[in-house]
file upload.cif (mmCIF, C-alpha atoms and all ligand atoms)
data_target
loop_
_atom_site.group_PDB
_atom_site.id
_atom_site.type_symbol
_atom_site.label_atom_id
_atom_site.label_comp_id
_atom_site.auth_asym_id
_atom_site.auth_seq_id
_atom_site.Cartn_x
_atom_site.Cartn_y
_atom_site.Cartn_z
ATOM 1 C CA MET C 1 12.265 25.523 -8.763
ATOM 2 C CA HIS C 2 9.706 23.784 -6.608
ATOM 3 C CA TYR C 3 7.677 20.843 -7.817
ATOM 4 C CA GLU C 4 4.661 19.684 -5.880
ATOM 5 C CA THR C 5 4.607 15.915 -6.210
ATOM 6 C CA ILE C 6 1.827 15.108 -3.774
ATOM 7 C CA THR C 7 -1.370 17.111 -3.829
ATOM 8 C CA PRO C 8 -3.432 17.467 -0.646
ATOM 9 C CA MET C 9 -6.011 15.111 -2.150
ATOM 10 C CA ASP C 10 -3.407 12.469 -2.706
ATOM 11 C CA ASP C 11 -2.324 12.134 0.867
ATOM 12 C CA ALA C 12 -5.701 12.772 2.493
ATOM 13 C CA TRP C 13 -6.262 9.031 2.705
ATOM 14 C CA GLN C 14 -3.186 8.605 4.891
ATOM 15 C CA ALA C 15 -4.862 10.503 7.715
ATOM 16 C CA GLN C 16 -7.551 7.832 7.797
ATOM 17 C CA ALA C 17 -5.301 4.864 7.224
ATOM 18 C CA LEU C 18 -5.874 2.089 9.729
ATOM 19 C CA CYS C 19 -2.200 1.224 9.742
ATOM 20 C CA ALA C 20 -1.432 4.681 11.092
ATOM 21 C CA GLU C 21 -3.085 3.492 14.304
ATOM 22 C CA THR C 22 -1.534 0.057 14.468
ATOM 23 C CA GLY C 23 2.069 1.035 13.763
ATOM 24 C CA ALA C 24 4.294 0.221 10.837
ATOM 25 C CA ASP C 25 5.746 -3.035 12.151
ATOM 26 C CA PHE C 26 2.915 -5.129 10.769
ATOM 27 C CA PHE C 27 3.301 -3.630 7.362
ATOM 28 C CA PHE C 28 7.022 -3.978 6.980
ATOM 29 C CA PRO C 29 7.618 -7.515 8.238
ATOM 30 C CA GLU C 30 10.977 -9.193 8.210
ATOM 31 C CA PRO C 31 11.653 -10.976 4.908
ATOM 32 C CA GLY C 32 9.912 -14.333 4.892
ATOM 33 C CA SER C 33 7.659 -13.607 7.856
ATOM 34 C CA SER C 34 3.892 -13.522 7.680
ATOM 35 C CA VAL C 35 1.972 -10.612 6.249
ATOM 36 C CA ARG C 36 -1.348 -12.135 7.246
ATOM 37 C CA GLU C 37 -2.011 -9.743 10.088
ATOM 38 C CA ALA C 38 -1.245 -6.705 7.943
ATOM 39 C CA LYS C 39 -3.587 -7.974 5.258
ATOM 40 C CA ARG C 40 -6.308 -8.519 7.808
ATOM 41 C CA ILE C 41 -6.049 -4.878 8.864
ATOM 42 C CA CYS C 42 -6.003 -3.736 5.237
ATOM 43 C CA GLY C 43 -9.182 -5.745 4.758
ATOM 44 C CA MET C 44 -10.926 -3.458 7.247
ATOM 45 C CA CYS C 45 -9.405 -0.246 5.920
ATOM 46 C CA GLU C 46 -11.592 2.039 3.867
ATOM 47 C CA MET C 47 -8.565 3.646 2.274
ATOM 48 C CA ARG C 48 -7.438 0.454 0.598
ATOM 49 C CA PRO C 49 -8.058 1.471 -3.043
ATOM 50 C CA ALA C 50 -6.286 4.827 -2.591
ATOM 51 C CA CYS C 51 -3.463 3.143 -0.740
ATOM 52 C CA LEU C 52 -2.914 0.515 -3.417
ATOM 53 C CA GLU C 53 -3.010 3.090 -6.151
ATOM 54 C CA TYR C 54 -0.509 5.217 -4.281
ATOM 55 C CA ALA C 55 1.846 2.263 -3.835
ATOM 56 C CA LEU C 56 1.616 1.308 -7.499
ATOM 57 C CA SER C 57 2.117 4.785 -8.824
ATOM 58 C CA ASN C 58 4.982 5.514 -6.437
ATOM 59 C CA ASP C 59 6.649 2.196 -7.072
ATOM 60 C CA GLU C 60 6.665 1.224 -3.399
ATOM 61 C CA ARG C 61 8.642 -1.992 -3.269
ATOM 62 C CA PHE C 62 8.557 -2.929 0.391
ATOM 63 C CA GLY C 63 5.879 -3.893 2.818
ATOM 64 C CA VAL C 64 2.143 -4.391 2.552
ATOM 65 C CA TRP C 65 0.178 -1.665 0.799
ATOM 66 C CA GLY C 66 -3.511 -1.741 0.000
ATOM 67 C CA GLY C 67 -3.787 -5.314 1.195
ATOM 68 C CA LEU C 68 -1.148 -6.640 -1.171
ATOM 69 C CA SER C 69 2.346 -7.817 -0.401
ATOM 70 C CA GLU C 70 5.260 -6.679 -2.499
ATOM 71 C CA LYS C 71 5.136 -9.934 -4.497
ATOM 72 C CA GLU C 72 1.446 -9.571 -5.164
ATOM 73 C CA ARG C 73 1.869 -5.988 -6.326
ATOM 74 C CA LEU C 74 4.612 -7.063 -8.660
ATOM 75 C CA GLN C 75 2.344 -9.751 -10.040
ATOM 76 C CA LEU C 76 -0.497 -7.284 -10.443
ATOM 77 C CA ARG C 77 1.768 -4.924 -12.310
ATOM 78 C CA ARG C 78 2.966 -7.701 -14.613
ATOM 79 C CA THR C 79 -0.542 -8.880 -15.418
ATOM 80 C CA SER C 80 -1.776 -5.363 -16.033
ATOM 81 C CA HIS C 81 1.152 -4.769 -18.405
ATOM 82 C CA THR C 82 0.560 -7.935 -20.377
ATOM 83 C CA SER C 83 -3.232 -7.862 -20.464
ATOM 84 C CA HIS C 84 -3.619 -5.544 -23.446
HETATM 85 S S1 LIG K 1 -4.879 -0.510 3.035
HETATM 86 FE FE1 LIG K 1 -3.542 -1.309 4.604
HETATM 87 S S2 LIG K 1 -1.562 -0.384 4.221
HETATM 88 FE FE2 LIG K 1 -3.072 0.805 3.132
HETATM 89 S S3 LIG K 1 -3.687 2.436 4.478
HETATM 90 FE FE3 LIG K 1 -5.100 0.777 4.818
HETATM 91 S S4 LIG K 1 -4.267 -0.408 6.490
HETATM 92 FE FE4 LIG K 1 -2.641 0.905 5.705
#

call {"tool": "encode", "arguments": {"input": "upload.cif", "output": "structure tokens"}}
result
Amino acid sequence: MHYETITPMDDAWQAQALCAETGADFFFPEPGSSVREAKRICGMCEMRPACLEYALSNDERFGVWGGLSEKERLQLRRTSHTSH
């Protein structure tokens, strides 16, 4: 049986992602190294909301997504779980 997990709408944003042009190295830095440059690029990316949502819903643990580092996403997830 075939399950479609990603609809065409879901990954449409990836075609316009700024990081697709800059290469993945910025977005998956070595542990402990700076993510500042990746965040700067995310800051100019129009796909940021879709990207962040994708990362959160797919439980992406590594690298910078939607302008947030893995730690920041974890924090965001914790606060959104405890805020009700
Ligand atoms: S927000 Fe950042 S990580 Fe996400 S698509 Fe844009 S440049 Fe890439």

call {"tool": "resolve_selection", "arguments": {"input": "upload.cif", "expression": "the PyMOL selection byres (((not hetatm)) within 6 of (chain K and resi 1))", "output": "NGL selection string"}}
result
:C and (17-19 or 41-42 or 45 or 47-48 or 51 or 64-67)

call {"tool": "closest_residue", "arguments": {"input": "upload.cif", "among": "C:Met44, C:Leu56, C:Ala50, C:Ala15", "to": "Arg78 in chain C", "atoms": "all atoms listed in the file"}}
result
C:Leu56

call {"tool": "closest_residue", "arguments": {"input": "upload.cif", "among": "C:Gly63, C:Thr79, C:Gln16, C:Ser69", "to": "Pro29 in chain C", "atoms": "all atoms listed in the file"}}
result
C:Gly63

call {"tool": "atom_distance", "arguments": {"input": "upload.cif", "atom1": "CA of Ala38 in chain C", "atom2": "CA of Thr22 in chain C"}}
result
9.4 Å

call {"tool": "atom_distance", "arguments": {"input": "upload.cif", "atom1": "CA of Leu52 in chain C", "atom2": "CA of Leu68 in chain C"}}
result
7.7 Å

call {"tool": "atom_distance", "arguments": {"input": "upload.cif", "atom1": "CA of Arg36 in chain C", "atom2": "CA of Trp13 in chain C"}}
result
22.2 Å

call {"tool": "closest_residue", "arguments": {"input": "upload.cif", "among": "C:Glu21, C:Glu53, C:Asn58, C:Gly32", "to": "Lys71 in chain C", "atoms": "all atoms listed in the file"}}
result
C:Gly32

call {"tool": "axis_aligned_box", "arguments": {"input": "upload.cif", "around": "range 33-50 of chain C", "padding_each_side": "3 Å", "output": "lines of an AutoDock Vina configuration file"}}
result
center_x = -2.0
center_y = -4.4
center_z = 3.5
size_x = 25.3
size_y = 24.4
size_z = 19.1

call {"tool": "build_atoms", "arguments": {"input": "upload.cif", "residues": "range 37-48 of chain C", "atoms": "N, CA and C atoms", "output": "mmCIF file, keeping the file's coordinate frame"}}
result
data_model
loop_
_atom_site.group_PDB
_atom_site.id
_atom_site.type_symbol
_atom_site.label_atom_id
_atom_site.label_comp_id
_atom_site.auth_asym_id
_atom_site.auth_seq_id
_atom_site.Cartn_x
_atom_site.Cartn_y
_atom_site.Cartn_z
ATOM 1 N N GLU C 37 -1.391 -10.709 9.177
ATOM 2 C CA GLU C 37 -2.011 -9.743 10.088
ATOM 3 C C GLU C 37 -2.167 -8.378 9.416
ATOM 4 N N ALA C 38 -1.161 -7.982 8.669
ATOM 5 C CA ALA C 38 -1.245 -6.705 7.943
ATOM 6 C C ALA C 38 -2.392 -6.746 6.943
ATOM 7 N N LYS C 39 -2.518 -7.861 6.247
ATOM 8 C CA LYS C 39 -3.587 -7.974 5.258
ATOM 9 C C LYS C 39 -4.956 -7.951 5.915
ATOM 10 N N ARG C 40 -5.036 -8.512 7.098
ATOM 11 C CA ARG C 40 -6.308 -8.519 7.808
ATOM 12 C C ARG C 40 -6.716 -7.074 8.130
ATOM 13 N N ILE C 41 -5.755 -6.277 8.550
ATOM 14 C CA ILE C 41 -6.049 -4.878 8.864
ATOM 15 C C ILE C 41 -6.411 -4.120 7.588
ATOM 16 N N CYS C 42 -5.675 -4.363 6.524
ATOM 17 C CA CYS C 42 -6.003 -3.736 5.237
ATOM 18 C C CYS C 42 -7.429 -4.076 4.815
ATOM 19 N N GLY C 43 -7.843 -5.298 5.124
ATOM 20 C CA GLY C 43 -9.182 -5.745 4.758
ATOM 21 C C GLY C 43 -10.264 -4.914 5.428
ATOM 22 N N MET C 44 -9.935 -4.273 6.537
ATOM 23 C CA MET C 44 -10.926 -3.458 7.247
ATOM 24 C C MET C 44 -10.753 -1.976 6.956
ATOM 25 N N CYS C 45 -9.760 -1.649 6.139
ATOM 26 C CA CYS C 45 -9.405 -0.246 5.920
ATOM 27 C C CYS C 45 -10.161 0.330 4.729
ATOM 28 N N GLU C 46 -10.815 1.426 4.949
ATOM 29 C CA GLU C 46 -11.592 2.039 3.867
ATOM 30 C C GLU C 46 -10.706 2.717 2.836
ATOM 31 N N MET C 47 -9.473 2.921 3.166
ATOM 32 C CA MET C 47 -8.565 3.646 2.274
ATOM 33 C C MET C 47 -7.815 2.721 1.336
ATOM 34 N N ARG C 48 -8.206 1.456 1.340
ATOM 35 C CA ARG C 48 -7.438 0.454 0.598
ATOM 36 C C ARG C 48 -7.242 0.795 -0.880
#
